[in-house]
$ cat final.cif   # mmCIF, N, CA and C atoms
data_structure
loop_
_atom_site.label_atom_id
_atom_site.label_comp_id
_atom_site.auth_asym_id
_atom_site.auth_seq_id
_atom_site.Cartn_x
_atom_site.Cartn_y
_atom_site.Cartn_z
N MET A 17 -75.12 -29.14 -75.95
CA MET A 17 -74.81 -28.73 -77.29
C MET A 17 -75.62 -29.55 -78.27
N ILE A 18 -75.50 -29.24 -79.54
CA ILE A 18 -76.27 -29.92 -80.59
C ILE A 18 -75.70 -31.32 -80.79
N ASP A 19 -76.58 -32.30 -80.83
CA ASP A 19 -76.16 -33.68 -81.00
C ASP A 19 -76.15 -33.99 -82.49
N LEU A 20 -74.95 -34.10 -83.06
CA LEU A 20 -74.80 -34.40 -84.49
C LEU A 20 -74.22 -35.79 -84.64
N GLY A 21 -74.96 -36.66 -85.29
CA GLY A 21 -74.47 -38.00 -85.56
C GLY A 21 -73.78 -38.04 -86.92
N ILE A 22 -73.29 -39.22 -87.29
CA ILE A 22 -72.59 -39.37 -88.57
C ILE A 22 -73.57 -39.18 -89.72
N ALA A 23 -74.79 -39.66 -89.56
CA ALA A 23 -75.79 -39.51 -90.63
C ALA A 23 -76.13 -38.05 -90.86
N LYS A 24 -76.31 -37.31 -89.80
CA LYS A 24 -76.63 -35.88 -89.94
C LYS A 24 -75.46 -35.11 -90.55
N MET A 25 -74.23 -35.45 -90.15
CA MET A 25 -73.05 -34.78 -90.72
C MET A 25 -72.94 -35.07 -92.21
N ALA A 26 -73.23 -36.30 -92.62
CA ALA A 26 -73.19 -36.65 -94.05
C ALA A 26 -74.26 -35.89 -94.81
N LEU A 27 -75.43 -35.75 -94.24
CA LEU A 27 -76.52 -35.00 -94.88
C LEU A 27 -76.14 -33.54 -95.04
N ILE A 28 -75.54 -32.94 -93.99
CA ILE A 28 -75.12 -31.53 -94.07
C ILE A 28 -74.02 -31.38 -95.12
N GLY A 29 -73.09 -32.30 -95.20
CA GLY A 29 -72.03 -32.24 -96.21
C GLY A 29 -72.57 -32.36 -97.61
N ALA A 30 -73.55 -33.24 -97.81
CA ALA A 30 -74.16 -33.39 -99.15
C ALA A 30 -74.88 -32.13 -99.55
N VAL A 31 -75.64 -31.53 -98.63
CA VAL A 31 -76.35 -30.28 -98.93
C VAL A 31 -75.35 -29.17 -99.24
N ALA A 32 -74.26 -29.08 -98.45
CA ALA A 32 -73.25 -28.05 -98.69
C ALA A 32 -72.59 -28.26 -100.04
N LEU A 33 -72.34 -29.51 -100.43
CA LEU A 33 -71.74 -29.80 -101.73
C LEU A 33 -72.65 -29.37 -102.86
N ILE A 34 -73.95 -29.57 -102.72
CA ILE A 34 -74.92 -29.19 -103.76
C ILE A 34 -75.05 -27.67 -103.81
N VAL A 35 -75.17 -27.02 -102.64
CA VAL A 35 -75.41 -25.57 -102.61
C VAL A 35 -74.17 -24.79 -103.01
N ILE A 36 -73.02 -25.11 -102.43
CA ILE A 36 -71.81 -24.32 -102.67
C ILE A 36 -71.12 -24.75 -103.96
N GLY A 37 -71.09 -25.98 -104.20
CA GLY A 37 -70.39 -26.47 -105.38
C GLY A 37 -69.08 -27.11 -104.98
N PRO A 38 -68.63 -28.08 -105.78
CA PRO A 38 -67.42 -28.81 -105.40
C PRO A 38 -66.14 -27.98 -105.48
N GLU A 39 -66.12 -26.94 -106.32
CA GLU A 39 -64.88 -26.17 -106.45
C GLU A 39 -64.66 -25.21 -105.27
N LYS A 40 -65.74 -24.72 -104.62
CA LYS A 40 -65.59 -23.78 -103.51
C LYS A 40 -65.66 -24.46 -102.14
N LEU A 41 -65.98 -25.73 -102.10
CA LEU A 41 -66.18 -26.43 -100.83
C LEU A 41 -64.92 -26.45 -99.95
N PRO A 42 -63.70 -26.72 -100.46
CA PRO A 42 -62.52 -26.73 -99.59
C PRO A 42 -62.25 -25.37 -98.94
N LYS A 43 -62.43 -24.30 -99.72
CA LYS A 43 -62.20 -22.96 -99.19
C LYS A 43 -63.21 -22.63 -98.09
N VAL A 44 -64.47 -22.98 -98.30
CA VAL A 44 -65.51 -22.73 -97.31
C VAL A 44 -65.25 -23.58 -96.06
N ALA A 45 -64.82 -24.83 -96.26
CA ALA A 45 -64.54 -25.70 -95.12
C ALA A 45 -63.39 -25.14 -94.28
N ARG A 46 -62.34 -24.61 -94.94
CA ARG A 46 -61.22 -24.00 -94.21
C ARG A 46 -61.69 -22.79 -93.42
N THR A 47 -62.52 -21.97 -94.05
CA THR A 47 -63.03 -20.77 -93.37
C THR A 47 -63.89 -21.15 -92.16
N VAL A 48 -64.77 -22.13 -92.35
CA VAL A 48 -65.62 -22.58 -91.23
C VAL A 48 -64.75 -23.17 -90.12
N GLY A 49 -63.74 -23.93 -90.47
CA GLY A 49 -62.83 -24.50 -89.46
C GLY A 49 -62.09 -23.42 -88.71
N ALA A 50 -61.62 -22.39 -89.42
CA ALA A 50 -60.91 -21.30 -88.76
C ALA A 50 -61.84 -20.56 -87.81
N LEU A 51 -63.08 -20.32 -88.24
CA LEU A 51 -64.04 -19.62 -87.39
C LEU A 51 -64.38 -20.46 -86.15
N LEU A 52 -64.54 -21.77 -86.33
CA LEU A 52 -64.81 -22.65 -85.19
C LEU A 52 -63.61 -22.64 -84.21
N GLY A 53 -62.40 -22.65 -84.75
CA GLY A 53 -61.21 -22.60 -83.89
C GLY A 53 -61.15 -21.31 -83.09
N LYS A 54 -61.44 -20.17 -83.76
CA LYS A 54 -61.45 -18.90 -83.05
C LYS A 54 -62.51 -18.89 -81.95
N ALA A 55 -63.68 -19.45 -82.26
CA ALA A 55 -64.76 -19.50 -81.27
C ALA A 55 -64.35 -20.35 -80.07
N GLN A 56 -63.70 -21.49 -80.33
CA GLN A 56 -63.26 -22.35 -79.24
C GLN A 56 -62.20 -21.66 -78.38
N ARG A 57 -61.26 -20.94 -79.03
CA ARG A 57 -60.24 -20.21 -78.28
C ARG A 57 -60.87 -19.11 -77.43
N TYR A 58 -61.87 -18.42 -77.99
CA TYR A 58 -62.55 -17.36 -77.25
C TYR A 58 -63.27 -17.94 -76.02
N VAL A 59 -63.95 -19.06 -76.22
CA VAL A 59 -64.64 -19.70 -75.10
C VAL A 59 -63.64 -20.14 -74.03
N ALA A 60 -62.50 -20.68 -74.45
CA ALA A 60 -61.47 -21.10 -73.50
C ALA A 60 -60.91 -19.90 -72.74
N ASP A 61 -60.69 -18.76 -73.44
CA ASP A 61 -60.21 -17.56 -72.77
C ASP A 61 -61.21 -17.05 -71.74
N VAL A 62 -62.49 -17.08 -72.09
CA VAL A 62 -63.52 -16.62 -71.16
C VAL A 62 -63.55 -17.53 -69.93
N LYS A 63 -63.47 -18.85 -70.15
CA LYS A 63 -63.45 -19.78 -69.02
C LYS A 63 -62.24 -19.53 -68.12
N ALA A 64 -61.07 -19.31 -68.74
CA ALA A 64 -59.87 -19.07 -67.95
C ALA A 64 -60.00 -17.78 -67.15
N GLU A 65 -60.58 -16.75 -67.76
CA GLU A 65 -60.75 -15.48 -67.05
C GLU A 65 -61.72 -15.64 -65.87
N VAL A 66 -62.78 -16.38 -66.08
CA VAL A 66 -63.73 -16.64 -64.99
C VAL A 66 -63.05 -17.41 -63.87
N ASN A 67 -62.25 -18.41 -64.22
CA ASN A 67 -61.53 -19.19 -63.20
C ASN A 67 -60.55 -18.31 -62.43
N ARG A 68 -59.83 -17.43 -63.15
CA ARG A 68 -58.89 -16.53 -62.49
C ARG A 68 -59.61 -15.59 -61.53
N SER A 69 -60.75 -15.06 -61.96
CA SER A 69 -61.48 -14.14 -61.09
C SER A 69 -62.00 -14.88 -59.85
N MET A 70 -62.44 -16.14 -60.04
CA MET A 70 -62.90 -16.92 -58.89
C MET A 70 -61.75 -17.19 -57.92
N GLU A 71 -60.58 -17.53 -58.45
CA GLU A 71 -59.42 -17.78 -57.60
C GLU A 71 -58.99 -16.51 -56.89
N LEU A 72 -59.08 -15.37 -57.60
CA LEU A 72 -58.72 -14.09 -56.99
C LEU A 72 -59.66 -13.76 -55.84
N ASP A 73 -60.95 -14.02 -56.04
CA ASP A 73 -61.91 -13.80 -54.95
C ASP A 73 -61.61 -14.69 -53.76
N GLU A 74 -61.28 -15.96 -54.03
CA GLU A 74 -60.95 -16.88 -52.94
C GLU A 74 -59.70 -16.41 -52.21
N LEU A 75 -58.68 -15.94 -52.96
CA LEU A 75 -57.46 -15.47 -52.32
C LEU A 75 -57.74 -14.22 -51.48
N LYS A 76 -58.62 -13.34 -51.98
CA LYS A 76 -58.95 -12.14 -51.19
C LYS A 76 -59.63 -12.53 -49.88
N LYS A 77 -60.56 -13.50 -49.97
CA LYS A 77 -61.24 -13.95 -48.75
C LYS A 77 -60.23 -14.58 -47.78
N MET A 78 -59.32 -15.39 -48.31
CA MET A 78 -58.32 -16.04 -47.47
C MET A 78 -57.42 -14.98 -46.83
N ARG A 79 -57.04 -13.97 -47.60
CA ARG A 79 -56.19 -12.90 -47.08
C ARG A 79 -56.90 -12.16 -45.95
N GLU A 80 -58.18 -11.89 -46.14
CA GLU A 80 -58.94 -11.19 -45.10
C GLU A 80 -59.01 -12.02 -43.82
N THR A 81 -59.22 -13.32 -43.96
CA THR A 81 -59.29 -14.16 -42.76
C THR A 81 -57.93 -14.22 -42.05
N VAL A 82 -56.85 -14.30 -42.84
CA VAL A 82 -55.51 -14.36 -42.23
C VAL A 82 -55.20 -13.03 -41.54
N GLU A 83 -55.56 -11.91 -42.19
CA GLU A 83 -55.31 -10.62 -41.56
C GLU A 83 -56.12 -10.46 -40.29
N GLY A 84 -57.36 -10.93 -40.30
CA GLY A 84 -58.18 -10.87 -39.09
C GLY A 84 -57.58 -11.69 -37.96
N ALA A 85 -57.10 -12.89 -38.30
CA ALA A 85 -56.47 -13.74 -37.29
C ALA A 85 -55.20 -13.08 -36.75
N ALA A 86 -54.43 -12.45 -37.64
CA ALA A 86 -53.20 -11.77 -37.20
C ALA A 86 -53.54 -10.60 -36.27
N ARG A 87 -54.59 -9.87 -36.60
CA ARG A 87 -55.01 -8.77 -35.72
C ARG A 87 -55.44 -9.30 -34.35
N ASP A 88 -56.18 -10.40 -34.35
CA ASP A 88 -56.61 -10.99 -33.08
C ASP A 88 -55.41 -11.43 -32.24
N VAL A 89 -54.44 -12.06 -32.89
CA VAL A 89 -53.24 -12.51 -32.17
C VAL A 89 -52.48 -11.31 -31.64
N GLU A 90 -52.36 -10.27 -32.45
CA GLU A 90 -51.63 -9.07 -32.03
C GLU A 90 -52.32 -8.42 -30.83
N ASN A 91 -53.64 -8.34 -30.88
CA ASN A 91 -54.37 -7.76 -29.75
C ASN A 91 -54.20 -8.60 -28.49
N SER A 92 -54.26 -9.91 -28.62
CA SER A 92 -54.09 -10.76 -27.44
C SER A 92 -52.68 -10.64 -26.88
N ILE A 93 -51.67 -10.54 -27.77
CA ILE A 93 -50.29 -10.38 -27.30
C ILE A 93 -50.13 -9.05 -26.58
N GLN A 94 -50.74 -7.99 -27.12
CA GLN A 94 -50.64 -6.68 -26.47
C GLN A 94 -51.30 -6.69 -25.10
N THR A 95 -52.46 -7.33 -25.00
CA THR A 95 -53.12 -7.38 -23.69
C THR A 95 -52.30 -8.20 -22.70
N GLN A 96 -51.73 -9.32 -23.17
CA GLN A 96 -50.90 -10.13 -22.29
C GLN A 96 -49.66 -9.36 -21.85
N ALA A 97 -49.06 -8.62 -22.79
CA ALA A 97 -47.86 -7.85 -22.46
C ALA A 97 -48.18 -6.75 -21.46
N SER A 98 -49.30 -6.06 -21.66
CA SER A 98 -49.66 -5.00 -20.71
C SER A 98 -49.97 -5.60 -19.34
N ASP A 99 -50.65 -6.75 -19.31
CA ASP A 99 -50.91 -7.41 -18.02
C ASP A 99 -49.61 -7.81 -17.34
N PHE A 100 -48.67 -8.35 -18.11
CA PHE A 100 -47.38 -8.74 -17.55
C PHE A 100 -46.62 -7.53 -17.01
N GLU A 101 -46.62 -6.44 -17.80
CA GLU A 101 -45.91 -5.24 -17.35
C GLU A 101 -46.53 -4.70 -16.06
N LYS A 102 -47.85 -4.73 -15.97
CA LYS A 102 -48.53 -4.25 -14.76
C LYS A 102 -48.16 -5.12 -13.57
N SER A 103 -48.23 -6.46 -13.77
CA SER A 103 -47.88 -7.35 -12.65
C SER A 103 -46.40 -7.22 -12.29
N TRP A 104 -45.54 -7.01 -13.28
CA TRP A 104 -44.11 -6.85 -13.01
C TRP A 104 -43.84 -5.58 -12.23
N SER A 105 -44.51 -4.50 -12.64
CA SER A 105 -44.30 -3.25 -11.92
C SER A 105 -44.84 -3.36 -10.49
N ASP A 106 -45.96 -4.05 -10.31
CA ASP A 106 -46.49 -4.26 -8.97
C ASP A 106 -45.52 -5.07 -8.12
N ALA A 107 -44.95 -6.11 -8.73
CA ALA A 107 -44.02 -6.97 -7.99
C ALA A 107 -42.73 -6.23 -7.64
N THR A 108 -42.21 -5.43 -8.57
CA THR A 108 -40.96 -4.72 -8.29
C THR A 108 -41.18 -3.58 -7.32
N ASP A 109 -42.35 -2.95 -7.38
CA ASP A 109 -42.64 -1.88 -6.42
C ASP A 109 -42.81 -2.44 -5.02
N ALA A 110 -43.39 -3.63 -4.92
CA ALA A 110 -43.59 -4.23 -3.61
C ALA A 110 -42.27 -4.70 -3.00
N ALA A 111 -41.35 -5.17 -3.82
CA ALA A 111 -40.09 -5.71 -3.31
C ALA A 111 -39.14 -4.59 -2.91
N LEU A 112 -39.12 -3.47 -3.62
CA LEU A 112 -38.22 -2.35 -3.35
C LEU A 112 -36.77 -2.83 -3.20
N GLU A 113 -36.28 -3.44 -4.26
CA GLU A 113 -34.91 -3.95 -4.24
C GLU A 113 -33.93 -2.80 -4.29
N PRO A 114 -32.75 -2.98 -3.67
CA PRO A 114 -31.75 -1.91 -3.72
C PRO A 114 -31.16 -1.79 -5.13
N GLU A 115 -30.60 -0.64 -5.43
CA GLU A 115 -30.01 -0.42 -6.75
C GLU A 115 -28.76 -1.27 -6.90
N PRO A 116 -28.45 -1.69 -8.12
CA PRO A 116 -27.23 -2.47 -8.32
C PRO A 116 -26.00 -1.59 -8.08
N PRO A 117 -24.89 -2.22 -7.69
CA PRO A 117 -23.69 -1.42 -7.42
C PRO A 117 -23.19 -0.74 -8.68
N ALA A 118 -22.46 0.33 -8.52
CA ALA A 118 -21.92 1.09 -9.65
C ALA A 118 -20.81 0.28 -10.33
N TYR A 119 -20.58 0.56 -11.59
CA TYR A 119 -19.57 -0.16 -12.37
C TYR A 119 -18.18 0.23 -11.91
N LYS A 120 -17.33 -0.78 -11.72
CA LYS A 120 -15.94 -0.56 -11.36
C LYS A 120 -15.07 -1.21 -12.41
N HIS A 121 -14.16 -0.47 -13.00
CA HIS A 121 -13.29 -0.99 -14.05
C HIS A 121 -12.39 -2.07 -13.47
N PRO A 122 -12.21 -3.21 -14.18
CA PRO A 122 -11.43 -4.33 -13.63
C PRO A 122 -9.93 -4.12 -13.65
N ASN A 123 -9.42 -3.06 -14.31
CA ASN A 123 -7.99 -2.76 -14.38
C ASN A 123 -7.18 -3.92 -14.95
N LYS A 124 -7.70 -4.54 -16.01
CA LYS A 124 -6.98 -5.62 -16.66
C LYS A 124 -6.26 -5.06 -17.87
N ASN A 125 -5.13 -5.67 -18.20
CA ASN A 125 -4.38 -5.28 -19.39
C ASN A 125 -4.40 -6.46 -20.36
N TRP A 126 -5.05 -6.28 -21.49
CA TRP A 126 -5.22 -7.39 -22.42
C TRP A 126 -3.90 -7.82 -23.05
N ARG A 127 -2.89 -6.95 -23.01
CA ARG A 127 -1.60 -7.34 -23.58
C ARG A 127 -0.88 -8.37 -22.71
N LEU A 128 -1.22 -8.39 -21.44
CA LEU A 128 -0.56 -9.32 -20.53
C LEU A 128 -1.34 -10.61 -20.32
N LYS A 129 -2.38 -10.80 -21.11
CA LYS A 129 -3.24 -11.97 -20.91
C LYS A 129 -2.46 -13.25 -21.20
N GLN A 130 -2.61 -14.23 -20.33
CA GLN A 130 -1.90 -15.50 -20.46
C GLN A 130 -2.90 -16.58 -20.85
N GLY A 131 -2.42 -17.60 -21.54
CA GLY A 131 -3.29 -18.70 -21.90
C GLY A 131 -3.72 -19.48 -20.66
N ALA A 132 -4.94 -19.97 -20.68
CA ALA A 132 -5.46 -20.70 -19.53
C ALA A 132 -4.96 -22.14 -19.51
N MET A 133 -4.46 -22.64 -20.66
CA MET A 133 -4.03 -24.02 -20.75
C MET A 133 -2.55 -24.12 -20.35
N PRO A 134 -2.18 -25.04 -19.46
CA PRO A 134 -0.78 -25.17 -19.06
C PRO A 134 0.10 -25.67 -20.21
N GLN A 135 1.36 -25.32 -20.16
CA GLN A 135 2.29 -25.69 -21.23
C GLN A 135 2.47 -27.20 -21.33
N TRP A 136 2.53 -27.90 -20.20
CA TRP A 136 2.72 -29.35 -20.25
C TRP A 136 1.54 -30.03 -20.97
N TYR A 137 0.30 -29.48 -20.80
CA TYR A 137 -0.87 -30.05 -21.47
C TYR A 137 -0.78 -29.81 -22.97
N LYS A 138 -0.33 -28.61 -23.33
CA LYS A 138 -0.18 -28.30 -24.76
C LYS A 138 0.87 -29.18 -25.40
N ALA A 139 1.96 -29.41 -24.71
CA ALA A 139 3.03 -30.23 -25.26
C ALA A 139 2.58 -31.68 -25.41
N ARG A 140 1.84 -32.19 -24.44
CA ARG A 140 1.40 -33.58 -24.49
C ARG A 140 0.38 -33.82 -25.61
N ASN A 141 -0.53 -32.85 -25.84
CA ASN A 141 -1.59 -33.04 -26.82
C ASN A 141 -1.28 -32.45 -28.20
N GLY A 142 -0.09 -31.89 -28.36
CA GLY A 142 0.31 -31.40 -29.66
C GLY A 142 -0.38 -30.10 -30.08
N VAL A 143 -0.72 -29.26 -29.11
CA VAL A 143 -1.33 -27.97 -29.43
C VAL A 143 -0.22 -27.04 -29.89
N ARG A 144 -0.42 -26.37 -31.02
CA ARG A 144 0.60 -25.47 -31.54
C ARG A 144 0.71 -24.23 -30.66
N THR A 145 1.92 -23.90 -30.27
CA THR A 145 2.15 -22.71 -29.45
C THR A 145 2.87 -21.63 -30.23
N LYS A 146 3.44 -21.99 -31.35
CA LYS A 146 4.17 -21.02 -32.17
C LYS A 146 3.67 -21.12 -33.60
N ALA A 147 3.77 -20.01 -34.32
CA ALA A 147 3.34 -19.99 -35.72
C ALA A 147 4.34 -20.77 -36.55
N GLN A 148 3.82 -21.45 -37.57
CA GLN A 148 4.66 -22.26 -38.44
C GLN A 148 4.20 -22.02 -39.87
N SER A 149 5.12 -21.85 -40.78
CA SER A 149 4.75 -21.58 -42.16
C SER A 149 4.13 -22.83 -42.79
N GLY A 150 3.46 -22.60 -43.91
CA GLY A 150 2.82 -23.72 -44.59
C GLY A 150 3.83 -24.73 -45.08
N ALA A 151 4.97 -24.26 -45.61
CA ALA A 151 5.99 -25.17 -46.13
C ALA A 151 6.60 -26.00 -45.00
N ALA A 152 6.80 -25.36 -43.84
CA ALA A 152 7.37 -26.10 -42.71
C ALA A 152 6.39 -27.15 -42.21
N ARG A 153 5.09 -26.82 -42.23
CA ARG A 153 4.08 -27.77 -41.78
C ARG A 153 4.02 -28.97 -42.72
N VAL A 154 4.12 -28.70 -44.03
CA VAL A 154 4.11 -29.80 -45.01
C VAL A 154 5.34 -30.67 -44.83
N ALA A 155 6.49 -30.03 -44.62
CA ALA A 155 7.72 -30.80 -44.44
C ALA A 155 7.66 -31.63 -43.17
N ARG A 156 7.03 -31.12 -42.16
CA ARG A 156 6.95 -31.82 -40.88
C ARG A 156 6.12 -33.10 -41.00
N PHE A 157 5.03 -33.03 -41.77
CA PHE A 157 4.14 -34.19 -41.86
C PHE A 157 4.36 -35.02 -43.13
N ARG A 158 5.41 -34.72 -43.91
CA ARG A 158 5.69 -35.50 -45.12
C ARG A 158 6.16 -36.89 -44.72
N PRO A 159 5.63 -37.92 -45.39
CA PRO A 159 6.08 -39.29 -45.04
C PRO A 159 7.56 -39.48 -45.40
N PRO A 160 8.22 -40.35 -44.67
CA PRO A 160 9.67 -40.55 -44.94
C PRO A 160 9.89 -41.19 -46.30
N ARG A 161 11.04 -40.86 -46.88
CA ARG A 161 11.40 -41.42 -48.20
C ARG A 161 11.83 -42.87 -48.07
N VAL A 162 11.41 -43.63 -49.04
CA VAL A 162 11.82 -45.03 -49.05
C VAL A 162 12.91 -45.20 -50.09
N ARG A 163 14.05 -45.82 -49.70
CA ARG A 163 15.17 -45.99 -50.65
C ARG A 163 15.34 -47.40 -51.05
#

$ encode --input "final.cif" --output "structure tokens"
Amino acid sequence: MIDLGIAKMALIGAVALIVIGPEKLPKVARTVGALLGKAQRYVADVKAEVNRSMELDELKKMRETVEGAARDVENSIQTQASDFEKSWSDATDAALEPEPPAYKHPNKNWRLKQGAMPQWYKARNGVRTKAQSGAARVARFRPPRVR
């Protein structure tokens, strides 16, 4: 960019004061400042847009590489699965195992199901065997009154 020192800035200000006049100088300075601000904002917007487009290109490239890797993995898994299925079918055809027996209903009645834990064990370890209301449970575990 243009290298402006303090001496050059003072010279430009003196020339502007002579050419424009002291009464119009503040208005012109405000206008020039506003234009410079707009130019800086425009340059910043352009830089940001360029950065976004570069990041978007990088993300697209990364996406393509990830998709390619996923396709490669999928193809390798499919080939491994087909090889496994072929070897499995060869192994099962060679063994000629008999068919599993037919299903036989166990003739159990779930209403008659008994607990597997013996009553003496439940009594010793304090396992609840009967339903108890909340108030009864609180009364049971309430500490004794001190008189």

$ select_by_dssp --input "final.cif" --residues "chain A" --states "alpha helix (DSSP H)" --output "VMD selection string"
chain A and resid 22 to 36 41 to 111 135 to 141 150 to 157

$ atom_distance --input "final.cif" --atom1 "CA of Gly21 in chain A" --atom2 "CA of Val59 in chain A"
23.3 Å

$ atom_distance --input "final.cif" --atom1 "atom C of Arg87 in chain A" --atom2 "atom N of Asp73 in chain A"
22.9 Å

$ atom_distance --input "final.cif" --atom1 "atom C of Val44 in chain A" --atom2 "atom C of Ala32 in chain A"
9.6 Å

$ residues_around --input "final.cif" --residues "range 123-134 of chain A" --least-positions-apart "5" --cutoff "12 Å" --atoms "only C-alpha atoms" --output "list in words"
Ala139, Arg140, Asn141, Val143, Arg144 and Thr145 of chain A
